[in-house]
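Okay, run_22.txt is below, compact mmCIF, C-alpha atoms:
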```
# COMPACT_ATOMS: atom_id res chain seq x y z
CA MET A 25 -49.46 22.30 21.94
CA GLY A 26 -52.49 24.61 22.06
CA THR A 27 -53.65 25.20 25.61
CA SER A 28 -51.78 22.31 27.21
CA ALA A 29 -50.25 22.68 30.64
CA GLN A 30 -46.81 22.72 29.05
CA ALA A 31 -47.74 25.57 26.70
CA ILE A 32 -49.19 27.62 29.55
CA LEU A 33 -46.15 27.06 31.76
CA GLU A 34 -43.71 27.88 28.96
CA PHE A 35 -45.53 31.16 28.31
CA GLU A 36 -45.60 32.08 32.01
CA VAL A 37 -41.92 31.28 32.57
CA ARG A 38 -40.86 33.19 29.43
CA GLU A 39 -42.83 36.19 30.67
CA LEU A 40 -41.10 35.98 34.05
CA VAL A 41 -37.71 35.76 32.35
CA ARG A 42 -38.50 38.75 30.14
CA HIS A 43 -39.90 40.79 33.01
CA ARG A 44 -36.83 40.16 35.21
CA GLY A 45 -34.37 40.73 32.36
CA LEU A 46 -32.72 37.32 32.71
CA ASP A 47 -30.47 35.59 30.20
CA PRO A 48 -31.73 31.97 30.22
CA ILE A 49 -28.53 30.55 28.71
CA ALA A 50 -26.23 32.42 31.11
CA GLU A 51 -28.41 32.02 34.21
CA PRO A 52 -29.90 28.50 34.06
CA GLN A 53 -30.02 28.06 37.84
CA VAL A 54 -32.26 31.13 38.20
CA VAL A 55 -34.52 29.89 35.41
CA ALA A 56 -34.71 26.45 37.06
CA ARG A 57 -36.02 28.09 40.24
CA LEU A 58 -38.57 30.07 38.22
CA VAL A 59 -39.79 26.87 36.56
CA ASP A 60 -40.17 25.14 39.92
CA GLU A 61 -42.10 28.13 41.28
CA ALA A 62 -44.31 28.30 38.18
CA VAL A 63 -45.10 24.57 38.34
CA GLY A 64 -45.93 24.84 42.07
CA ASP A 65 -48.16 27.84 41.43
CA TYR A 66 -49.88 25.99 38.57
CA ARG A 67 -50.63 23.03 40.83
CA ASP A 68 -52.17 25.35 43.40
CA ARG A 69 -54.31 27.09 40.79
CA ALA A 70 -55.39 23.80 39.24
CA ILE A 71 -57.22 22.93 42.46
CA THR A 72 -59.81 25.66 41.94
CA ALA A 73 -59.41 26.67 38.27
CA ALA A 74 -60.25 24.77 35.07
CA LEU A 75 -56.69 24.22 33.89
CA PRO A 76 -55.38 21.41 31.70
CA PRO A 77 -54.00 18.48 33.72
CA LEU A 78 -50.35 18.74 34.68
CA GLY A 79 -49.47 15.05 34.35
CA ASP A 80 -45.94 13.94 35.26
CA VAL A 81 -44.61 16.90 37.26
CA ALA A 82 -40.93 15.96 36.93
CA ALA A 83 -41.22 15.41 33.18
CA ILE A 84 -43.08 18.64 32.48
CA THR A 85 -40.69 20.60 34.72
CA ARG A 86 -37.75 19.31 32.71
CA THR A 87 -39.49 19.92 29.37
CA VAL A 88 -40.36 23.51 30.26
CA PHE A 89 -36.84 24.19 31.50
CA ASP A 90 -35.32 22.73 28.32
CA ALA A 91 -37.65 24.85 26.20
CA VAL A 92 -36.80 28.09 28.01
CA ALA A 93 -33.18 27.72 29.16
CA GLY A 94 -31.96 24.84 27.03
CA PHE A 95 -32.30 23.78 23.43
CA GLY A 96 -35.78 22.33 23.57
CA PRO A 97 -36.23 18.76 22.35
CA LEU A 98 -32.51 18.53 21.51
CA GLN A 99 -31.52 19.08 25.15
CA PRO A 100 -32.06 15.46 26.30
CA LEU A 101 -29.74 14.34 23.48
CA LEU A 102 -27.15 16.94 24.51
CA ASP A 103 -27.39 15.71 28.10
CA ASP A 104 -27.02 12.05 27.12
CA ASP A 105 -23.33 11.15 27.57
CA THR A 106 -23.65 8.22 25.16
CA VAL A 107 -24.61 10.54 22.28
CA GLU A 108 -21.47 11.77 20.51
CA GLU A 109 -22.99 13.83 17.73
CA ILE A 110 -26.38 15.18 16.64
CA TRP A 111 -27.33 16.27 13.16
CA ILE A 112 -30.50 17.51 11.50
CA ASN A 113 -30.84 16.85 7.78
CA GLU A 114 -34.39 18.16 7.74
CA PRO A 115 -36.94 18.84 10.50
CA GLY A 116 -38.30 15.30 10.42
CA ARG A 117 -34.92 13.54 10.18
CA VAL A 118 -32.78 14.03 13.26
CA PHE A 119 -29.83 11.66 13.61
CA ILE A 120 -27.39 10.90 16.41
CA ALA A 121 -24.08 9.05 16.60
CA ARG A 122 -23.62 6.62 19.45
CA HIS A 123 -20.43 4.56 19.83
CA GLY A 124 -19.36 5.69 16.37
CA ARG A 125 -22.58 4.56 14.65
CA SER A 126 -25.44 6.69 13.37
CA GLU A 127 -29.08 6.28 14.42
CA LEU A 128 -32.25 7.96 13.16
CA THR A 129 -34.20 9.31 16.15
CA ASN A 130 -37.98 9.57 16.47
CA LEU A 131 -37.70 13.33 17.04
CA ILE A 132 -39.93 15.37 14.71
CA LEU A 133 -39.39 19.14 14.51
CA THR A 134 -40.74 21.92 12.31
CA ALA A 135 -38.66 24.20 10.07
CA GLU A 136 -39.59 27.12 12.33
CA HIS A 137 -38.49 25.18 15.41
CA VAL A 138 -35.12 24.35 13.84
CA ALA A 139 -34.57 28.00 12.87
CA GLU A 140 -35.49 29.10 16.41
CA LEU A 141 -33.07 26.58 17.96
CA VAL A 142 -30.23 27.71 15.68
CA GLU A 143 -30.90 31.35 16.53
CA ARG A 144 -30.87 30.52 20.24
CA MET A 145 -27.61 28.57 19.90
CA LEU A 146 -25.89 31.40 18.03
CA ARG A 147 -27.15 34.27 20.20
CA PRO A 148 -24.48 34.06 22.95
CA THR A 149 -21.65 33.37 20.47
CA GLY A 150 -21.79 36.66 18.57
CA ARG A 151 -21.77 34.72 15.30
CA ARG A 152 -24.43 34.95 12.62
CA ILE A 153 -25.80 33.10 9.63
CA ASP A 154 -27.60 34.74 6.69
CA LEU A 155 -27.62 34.82 2.89
CA SER A 156 -24.23 36.54 2.80
CA THR A 157 -22.77 34.08 5.36
CA PRO A 158 -24.54 30.76 4.74
CA PHE A 159 -22.13 28.72 6.90
CA VAL A 160 -21.35 29.17 10.57
CA ASP A 161 -19.16 27.44 13.17
CA ALA A 162 -19.77 28.18 16.85
CA MET A 163 -19.32 26.67 20.29
CA LEU A 164 -22.24 25.90 22.60
CA PRO A 165 -22.01 26.62 26.36
CA ASP A 166 -21.13 22.97 27.13
CA GLY A 167 -18.20 23.01 24.68
CA SER A 168 -20.04 21.23 21.86
CA ARG A 169 -19.27 22.45 18.36
CA LEU A 170 -22.12 23.73 16.18
CA HIS A 171 -22.03 23.85 12.38
CA VAL A 172 -24.98 25.14 10.33
CA VAL A 173 -25.59 25.51 6.59
CA ILE A 174 -28.70 27.21 5.22
CA PRO A 175 -30.58 27.08 1.90
CA ASN A 176 -29.95 27.67 -0.93
CA ILE A 177 -26.53 26.15 -0.23
CA THR A 178 -28.53 23.18 1.02
CA ARG A 179 -31.43 22.09 -1.17
CA ARG A 180 -34.35 22.92 1.09
CA HIS A 181 -33.72 22.81 4.84
CA MET A 182 -31.09 23.98 7.31
CA ALA A 183 -28.39 21.37 7.90
CA VAL A 184 -27.38 21.41 11.57
CA ASN A 185 -24.53 19.45 13.12
CA ILE A 186 -23.59 19.40 16.81
CA ARG A 187 -20.38 17.59 17.72
CA LYS A 188 -20.33 17.06 21.46
CA PHE A 189 -17.36 17.62 23.71
CA ALA A 190 -15.85 14.37 24.98
CA ILE A 191 -16.69 14.55 28.67
CA GLY A 192 -14.29 12.81 31.03
CA LEU A 193 -11.49 12.26 28.51
CA ARG A 194 -9.11 15.04 29.44
CA SER A 195 -5.80 13.26 29.97
CA LEU A 196 -3.70 10.54 28.41
CA ASP A 197 -4.53 8.35 31.39
CA ASP A 198 -8.23 8.77 30.59
CA LEU A 199 -7.56 7.70 27.00
CA VAL A 200 -5.58 4.69 28.21
CA GLY A 201 -8.55 3.80 30.40
CA VAL A 202 -10.96 3.68 27.44
CA GLY A 203 -8.50 1.81 25.23
CA THR A 204 -7.59 4.61 22.80
CA LEU A 205 -3.90 3.82 23.27
CA PRO A 206 -1.82 1.55 25.54
CA GLU A 207 0.16 2.73 28.56
CA PRO A 208 3.64 2.56 26.90
CA ALA A 209 2.51 4.74 23.99
CA ALA A 210 0.89 7.22 26.37
CA ARG A 211 4.05 7.54 28.46
CA PHE A 212 6.13 8.03 25.31
CA LEU A 213 3.82 10.79 24.03
CA GLU A 214 3.84 12.44 27.44
CA ALA A 215 7.65 12.45 27.44
CA SER A 216 7.70 13.80 23.89
CA VAL A 217 5.46 16.74 24.84
CA VAL A 218 7.63 17.53 27.86
CA ALA A 219 10.73 17.36 25.62
CA GLY A 220 9.18 19.89 23.24
CA LEU A 221 8.79 17.77 20.12
CA ASN A 222 6.47 19.01 17.39
CA ILE A 223 3.50 16.67 17.15
CA LEU A 224 0.93 16.28 14.37
CA VAL A 225 -2.29 14.46 15.33
CA ALA A 226 -4.02 13.03 12.26
CA GLY A 227 -7.15 11.04 11.54
CA GLY A 228 -10.56 11.06 9.94
CA THR A 229 -13.67 12.93 11.03
CA GLN A 230 -14.72 12.06 14.59
CA ALA A 231 -11.62 9.90 15.10
CA GLY A 232 -10.79 11.71 18.35
CA LYS A 233 -8.09 14.11 17.12
CA THR A 234 -9.14 17.10 19.22
CA THR A 235 -9.62 14.92 22.30
CA LEU A 236 -6.10 13.52 21.94
CA LEU A 237 -4.65 16.97 21.26
CA ASN A 238 -6.33 18.27 24.39
CA ALA A 239 -4.87 15.37 26.40
CA LEU A 240 -1.40 16.03 24.97
CA CYS A 241 -1.71 19.69 25.95
CA GLY A 242 -2.31 18.49 29.50
CA CYS A 243 1.30 17.24 29.51
CA ILE A 244 2.79 20.67 28.75
CA PRO A 245 4.98 21.79 31.69
CA ALA A 246 3.28 24.38 33.89
CA ARG A 247 6.11 26.90 33.44
CA GLU A 248 5.41 27.29 29.70
CA ARG A 249 3.33 30.01 28.06
CA VAL A 250 0.88 28.42 25.61
CA ILE A 251 -0.95 30.18 22.78
CA THR A 252 -3.80 28.30 21.09
CA VAL A 253 -5.47 29.29 17.83
CA GLU A 254 -8.66 27.65 16.54
CA GLU A 255 -11.51 28.17 14.11
CA VAL A 256 -13.87 27.81 17.08
CA PHE A 257 -12.87 27.28 20.71
CA GLU A 258 -12.72 23.55 21.40
CA LEU A 259 -9.54 23.01 23.42
CA ALA A 260 -9.74 23.31 27.19
CA LEU A 261 -6.18 23.60 28.48
CA ARG A 262 -5.40 23.37 32.17
CA VAL A 263 -1.98 25.04 32.11
CA PRO A 264 -1.70 28.25 34.18
CA ASP A 265 -0.30 30.50 31.42
CA VAL A 266 -2.48 30.17 28.34
CA VAL A 267 -4.06 32.54 25.80
CA ALA A 268 -6.77 31.10 23.54
CA MET A 269 -7.78 32.79 20.28
CA GLN A 270 -10.41 31.94 17.68
CA THR A 271 -11.24 33.23 14.22
CA ARG A 272 -13.86 35.90 13.57
CA GLN A 273 -16.41 36.25 10.80
CA ALA A 274 -16.66 39.32 8.61
CA ASN A 275 -19.28 41.85 9.71
CA LEU A 276 -22.34 42.90 7.72
CA GLU A 277 -20.18 45.30 5.67
CA GLY A 278 -17.87 42.43 4.73
CA SER A 279 -14.91 43.61 6.81
CA GLY A 280 -13.36 42.63 10.13
CA GLU A 281 -12.71 38.97 9.34
CA ILE A 282 -9.86 37.39 11.31
CA PRO A 283 -8.69 34.18 9.58
CA LEU A 284 -6.56 31.44 11.09
CA ARG A 285 -3.45 32.61 9.19
CA ARG A 286 -3.64 35.96 10.96
CA LEU A 287 -3.97 34.30 14.36
CA VAL A 288 -0.90 32.12 13.80
CA LYS A 289 1.14 35.19 12.89
CA GLU A 290 -0.16 37.17 15.87
CA ALA A 291 0.56 34.26 18.22
CA LEU A 292 4.27 34.53 17.40
CA ARG A 293 4.23 38.12 18.73
CA MET A 294 2.89 36.96 22.11
CA ARG A 295 6.03 35.27 23.45
CA PRO A 296 4.80 31.68 23.11
CA SER A 297 6.69 28.79 24.65
CA ARG A 298 4.32 26.49 22.81
CA LEU A 299 1.93 27.04 19.87
CA VAL A 300 -1.16 24.86 19.46
CA VAL A 301 -3.30 25.04 16.32
CA GLY A 302 -6.67 23.34 16.67
CA GLU A 303 -6.83 22.14 13.08
CA VAL A 304 -4.85 22.89 9.93
CA ARG A 305 -6.98 22.94 6.79
CA GLN A 306 -5.60 25.48 4.35
CA ALA A 307 -2.77 27.95 3.74
CA GLU A 308 -2.29 28.54 7.48
CA CYS A 309 -0.20 25.38 7.30
CA LEU A 310 2.61 27.51 5.83
CA ASP A 311 2.52 29.93 8.76
CA LEU A 312 2.57 27.03 11.21
CA LEU A 313 5.59 25.47 9.48
CA ILE A 314 7.43 28.78 9.61
CA ALA A 315 6.66 29.04 13.34
CA LEU A 316 7.83 25.49 14.05
CA ASN A 317 10.94 26.00 11.93
CA SER A 318 11.77 29.13 13.93
CA GLY A 319 12.09 27.15 17.16
CA VAL A 320 8.62 27.44 18.71
CA PRO A 321 7.43 23.93 19.72
CA GLY A 322 3.92 23.21 18.53
CA MET A 323 1.10 20.75 18.01
CA CYS A 324 -1.87 20.60 15.66
CA THR A 325 -4.46 18.28 14.12
CA LEU A 326 -5.05 17.41 10.48
CA HIS A 327 -7.53 15.29 8.55
CA ALA A 328 -5.71 12.34 6.94
CA ASN A 329 -6.12 8.59 6.46
CA SER A 330 -2.65 7.64 7.70
CA ALA A 331 0.52 9.13 9.15
CA ARG A 332 2.15 9.04 5.71
CA GLU A 333 -0.81 10.83 4.10
CA ALA A 334 -0.73 13.42 6.89
CA LEU A 335 2.84 14.31 5.96
CA VAL A 336 1.93 14.47 2.27
CA LYS A 337 -0.95 16.81 3.12
CA MET A 338 1.34 18.98 5.23
CA CYS A 339 3.51 19.30 2.14
CA THR A 340 0.52 20.20 -0.06
CA LEU A 341 -1.47 22.71 2.00
CA PRO A 342 1.26 25.40 2.11
CA LEU A 343 1.16 25.54 -1.70
CA LEU A 344 -2.27 27.17 -1.34
CA ALA A 345 -0.54 30.25 0.08
CA GLY A 346 0.63 31.40 -3.37
CA GLU A 347 2.61 30.58 -6.49
CA ASN A 348 5.87 31.67 -4.89
CA VAL A 349 5.62 28.78 -2.40
CA THR A 350 7.13 25.68 -3.98
CA ALA A 351 7.44 22.03 -3.08
CA SER A 352 11.23 22.34 -3.08
CA PHE A 353 10.86 24.64 -0.07
CA VAL A 354 7.91 22.98 1.66
CA VAL A 355 8.96 19.31 1.68
CA PRO A 356 12.30 19.73 3.49
CA THR A 357 10.65 22.26 5.81
CA VAL A 358 8.01 19.71 6.82
CA ALA A 359 10.72 17.08 7.29
CA THR A 360 12.63 19.28 9.73
CA SER A 361 9.59 20.86 11.44
CA VAL A 362 7.38 17.85 12.26
CA ASP A 363 8.87 15.35 14.73
CA LEU A 364 6.03 12.92 15.44
CA VAL A 365 2.80 11.97 13.67
CA VAL A 366 0.07 10.25 15.69
CA HIS A 367 -2.73 8.72 13.62
CA LEU A 368 -6.13 7.72 14.98
CA ALA A 369 -9.03 5.84 13.41
CA ILE A 370 -12.42 4.43 14.36
CA ASP A 371 -12.46 0.62 14.39
CA ALA A 372 -15.27 -1.67 13.23
CA ARG A 373 -16.96 -1.45 16.64
CA GLY A 374 -16.98 2.35 16.61
CA ALA A 375 -14.12 2.68 19.13
CA ARG A 376 -11.42 5.31 18.62
CA ARG A 377 -7.90 3.93 18.54
CA VAL A 378 -4.39 5.24 17.92
CA ARG A 379 -3.25 3.23 14.89
CA GLU A 380 0.33 4.40 14.53
CA ILE A 381 2.95 6.76 15.89
CA VAL A 382 5.81 7.58 13.54
CA GLY A 383 8.95 9.62 14.00
CA VAL A 384 10.11 12.03 11.29
CA ALA A 385 13.84 11.76 10.80
CA GLY A 386 14.34 15.12 9.08
CA ARG A 387 15.63 13.53 5.88
CA VAL A 388 14.10 13.58 2.40
CA GLU A 389 14.81 11.05 -0.33
CA GLY A 390 13.39 11.86 -3.75
CA ASP A 391 10.67 14.19 -2.35
CA VAL A 392 9.65 11.47 0.13
CA ILE A 393 10.04 12.28 3.81
CA GLU A 394 11.72 9.47 5.74
CA THR A 395 9.88 8.17 8.79
CA SER A 396 10.49 5.56 11.47
CA GLU A 397 7.82 3.29 12.92
CA LEU A 398 7.63 3.91 16.67
CA PHE A 399 4.29 2.23 17.41
CA THR A 400 2.08 0.39 14.95
CA ALA A 401 -1.15 -1.61 15.06
CA ARG A 402 -0.69 -5.36 14.87
CA ARG A 403 -3.48 -7.86 15.43
CA GLY A 404 -5.72 -5.06 16.64
CA ARG A 405 -3.21 -3.78 19.22
CA LEU A 406 -0.78 -0.85 19.17
CA GLU A 407 2.68 -2.34 19.65
CA ARG A 408 6.22 -1.00 19.77
CA GLY A 409 7.83 -0.75 16.34
CA ASP A 410 11.48 -0.82 15.35
CA GLY A 411 11.94 2.93 14.96
CA TYR A 412 13.44 5.53 17.23
CA PRO A 413 12.30 9.15 17.68
CA PRO A 414 14.34 12.16 16.57
CA HIS A 415 16.05 14.67 18.83
CA ASP A 416 17.75 12.63 21.52
CA GLU A 417 19.12 15.87 22.89
CA ARG A 418 15.69 17.31 23.66
CA TYR A 419 14.68 14.28 25.72
CA GLU A 420 18.05 14.39 27.50
CA ALA A 421 17.68 18.10 28.26
CA ALA A 422 14.28 17.35 29.82
CA GLY A 423 15.83 14.62 31.99
CA ILE A 424 14.14 11.78 30.08
CA ASP A 425 15.83 8.49 29.20
CA VAL A 426 13.86 7.82 26.03
CA ALA A 427 15.71 4.54 25.35
CA ALA A 428 14.58 3.13 28.69
CA LEU A 429 11.10 4.55 28.14
CA LEU A 430 10.70 2.75 24.82
CA GLY A 431 12.06 -0.47 26.24
CA ARG A 432 14.65 -1.15 23.57
CA ARG A 433 16.96 0.90 21.46
CA VAL A 434 17.79 0.67 17.80
CA ALA A 435 20.02 2.90 15.72
CA ALA A 436 19.18 6.51 16.45
CA VAL A 437 18.09 8.77 13.61
```

Now that the file is in, can you turn its structure into structure tokens?
Amino acid sequence: MGTSAQAILEFEVRELVRHRGLDPIAEPQVVARLVDEAVGDYRDRAITAALPPLGDVAAITRTVFDAVAGFGPLQPLLDDDTVEEIWINEPGRVFIARHGRSELTNLILTAEHVAELVERMLRPTGRRIDLSTPFVDAMLPDGSRLHVVIPNITRRHMAVNIRKFAIGLRSLDDLVGVGTLPEPAARFLEASVVAGLNILVAGGTQAGKTTLLNALCGCIPARERVITVEEVFELALRVPDVVAMQTRQANLEGSGEIPLRRLVKEALRMRPSRLVVGEVRQAECLDLLIALNSGVPGMCTLHANSAREALVKMCTLPLLAGENVTASFVVPTVATSVDLVVHLAIDARGARRVREIVGVAGRVEGDVIETSELFTARRGRLERGDGYPPHDERYEAAGIDVAALLGRRVAAV
């Protein structure tokens, strides 16, 4: 930028921030006032001094603010509600996802600029990335999830991915409004959460699993104590009694790591009425199954291509915990611990849709867990199936007539 007006203003505002000991990320309103003052002062000086022209005042004010208190040229993309995800493959190739489809932007960065942005994003999180820890997951102030990989894990450049928080989709009613699922399915899921059924939310990457899980958590009765455990904070529960925990990286000496398995175990010591695991990926699946099997209602998400595959994966992941864990133990445990599986997918137009809701009967036939089809996609719409959910008694105890809710009754499982 050389001696452009923008470069001069950025330098002056950074000096003011440093001199006053401000944290630009934590105190954006203060920085915004400093930028306005600096731009006004620059305009006054430009009348008598040989300064570069200011140009569009509103545009340069926003650019300077984004550079000092935001994330520079990425900030307009972060502020754009239509952008769902941002990723940087290399400094000159910045992509976004909009309505489920990827686009190459015209944004050109430098390697130094990318490294500076990553450092700024990680600074308030307490997480780090270096040769000993070449991967990092963190949460940005707006709730977006950051993932970074550095060379030489990547070939040449940092790979940066920012998955934005779904603004405005906080309840099942919101999801009904955007067509993720129909009203009858939403009311059934709401009743199932209130009744304390164990729910597994499955789907592919960016299918909307965390958004749906967050909406389901909004149905948890206010009297319950909820413990959430996640790799990185993503859930935003609105219940009054909630404790949220996230994993921790090892320190520079290689100690102090807190994995998800440890958090699940600790959660059981905290008197939970409900346990929510952000995403199950590895051996922590065993600890979750043990918790659910001990009577603590819970919910979690899982990557899978269908409800059936989600159950198969739930039966496979616990085997990673050690040779003493066998399928003969895991399969019946999954069958009796998981009550409902909700599967989401992205359709051809990039819209996120619930594709099926199945009930798990608790029975196993030849290592295959029996399921019942509660809702299924037909002709592009989620319609009521012929199945019936398990645990009549839990709905009844919660004062819910599940037969009337589903509209018709078939043989109970």

If we count all atoms listed in the file and set the cut-off at 8 Å, which residues sit around region 395-398 of chain A, ignoring sequence neighbours fewer than 5 positions away in its own chain? Please answer as number ranges by chain.
A: 380-385, 408-413

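The interatomic distance for the pair CA of Asn329 (chain A) and CA of Gln273 (chain A) works out to 29.8 Å.
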
Which protein, DNA or RNA residues are at most 12 Å from (-7.5, 36.9, 13.7) in the file's coordinates when you count all atoms listed in the file, listed as a list of chain:residue names?
A:Thr252, A:Val253, A:Glu254, A:Glu255, A:Val256, A:Ala268, A:Met269, A:Gln270, A:Thr271, A:Arg272, A:Gln273, A:Ala274, A:Gly280, A:Glu281, A:Ile282, A:Pro283, A:Leu284, A:Arg285, A:Arg286, A:Leu287, A:Val288, A:Lys289, A:Glu290, A:Ala291, A:Glu308

Mind giving me the straight-line distance from CA of Asn222 (chain A) to CA of Ser361 (chain A) in Å, one decimal?
7.0 Å

Residue nearest Lys337 (chain A) among A:Leu128, A:Val200, A:Val304, A:Ala428 (counting only C-alpha atoms)
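Using only C-alpha atoms, Lys337 (chain A) sits closest to A:Val304.
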
Near-region 43-48 of chain A list (12 Å; only C-alpha atoms; drop same-chain fewer than 4 positions) as a PDB file with C-alpha atoms, in the frame of the given file:
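File out-v9.pdb, as written:
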```
ATOM      1  CA  GLU A  36     -45.600  32.080  32.010  1.00  0.00           C
ATOM      2  CA  VAL A  37     -41.920  31.280  32.570  1.00  0.00           C
ATOM      3  CA  ARG A  38     -40.860  33.190  29.430  1.00  0.00           C
ATOM      4  CA  GLU A  39     -42.830  36.190  30.670  1.00  0.00           C
ATOM      5  CA  PRO A  52     -29.900  28.500  34.060  1.00  0.00           C
ATOM      6  CA  GLN A  53     -30.020  28.060  37.840  1.00  0.00           C
ATOM      7  CA  VAL A  54     -32.260  31.130  38.200  1.00  0.00           C
ATOM      8  CA  VAL A  55     -34.520  29.890  35.410  1.00  0.00           C
ATOM      9  CA  ALA A  56     -34.710  26.450  37.060  1.00  0.00           C
ATOM     10  CA  ARG A  57     -36.020  28.090  40.240  1.00  0.00           C
ATOM     11  CA  LEU A  58     -38.570  30.070  38.220  1.00  0.00           C
ATOM     12  CA  VAL A  59     -39.790  26.870  36.560  1.00  0.00           C
ATOM     13  CA  PHE A  89     -36.840  24.190  31.500  1.00  0.00           C
ATOM     14  CA  ASP A  90     -35.320  22.730  28.320  1.00  0.00           C
ATOM     15  CA  ALA A  91     -37.650  24.850  26.200  1.00  0.00           C
ATOM     16  CA  VAL A  92     -36.800  28.090  28.010  1.00  0.00           C
ATOM     17  CA  ALA A  93     -33.180  27.720  29.160  1.00  0.00           C
ATOM     18  CA  GLY A  94     -31.960  24.840  27.030  1.00  0.00           C
ATOM     19  CA  PHE A  95     -32.300  23.780  23.430  1.00  0.00           C
ATOM     20  CA  ARG A 144     -30.870  30.520  20.240  1.00  0.00           C
ATOM     21  CA  MET A 145     -27.610  28.570  19.900  1.00  0.00           C
ATOM     22  CA  ARG A 147     -27.150  34.270  20.200  1.00  0.00           C
ATOM     23  CA  PRO A 148     -24.480  34.060  22.950  1.00  0.00           C
ATOM     24  CA  PRO A 165     -22.010  26.620  26.360  1.00  0.00           C
TER      25      PRO A 165
END
```

Go through A:Thr229, A:Asn348, A:Thr85, A:Thr72 one by one, measure the shortest atom-to-atom distance of each to Leu33 (chain A) using all atoms listed in the file, and give the residue with the smallest value.
A:Thr85

As a check of understanding: the span from CA of Ile251 (chain A) to CA of Met294 (chain A) is 7.8 Å

Looking at A:Gly242, A:Pro296, A:Gly423, A:Gly167, which one is nearest to Leu213 (chain A), with distances taken over all atoms listed in the file?
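Comparing A:Gly242, A:Pro296, A:Gly423, A:Gly167 against Leu213 (chain A), the winner is A:Gly242.
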
Would you list the residues near (-39.5, 18.8, 18.1), meaning any protein, DNA or RNA residue with an atom at most 9 Å from that point in file coordinates, counting all atoms listed in the file, as a PDB file with C-alpha atoms, in the coordinates of the input?
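Saved file point01.pdb follows:
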```pdb
ATOM      1  CA  GLY A  96     -35.780  22.330  23.570  1.00  0.00           C
ATOM      2  CA  PRO A  97     -36.230  18.760  22.350  1.00  0.00           C
ATOM      3  CA  LEU A  98     -32.510  18.530  21.510  1.00  0.00           C
ATOM      4  CA  PRO A 115     -36.940  18.840  10.500  1.00  0.00           C
ATOM      5  CA  GLY A 116     -38.300  15.300  10.420  1.00  0.00           C
ATOM      6  CA  LEU A 131     -37.700  13.330  17.040  1.00  0.00           C
ATOM      7  CA  ILE A 132     -39.930  15.370  14.710  1.00  0.00           C
ATOM      8  CA  LEU A 133     -39.390  19.140  14.510  1.00  0.00           C
ATOM      9  CA  THR A 134     -40.740  21.920  12.310  1.00  0.00           C
ATOM     10  CA  HIS A 137     -38.490  25.180  15.410  1.00  0.00           C
ATOM     11  CA  VAL A 138     -35.120  24.350  13.840  1.00  0.00           C
TER      12      VAL A 138
END
```
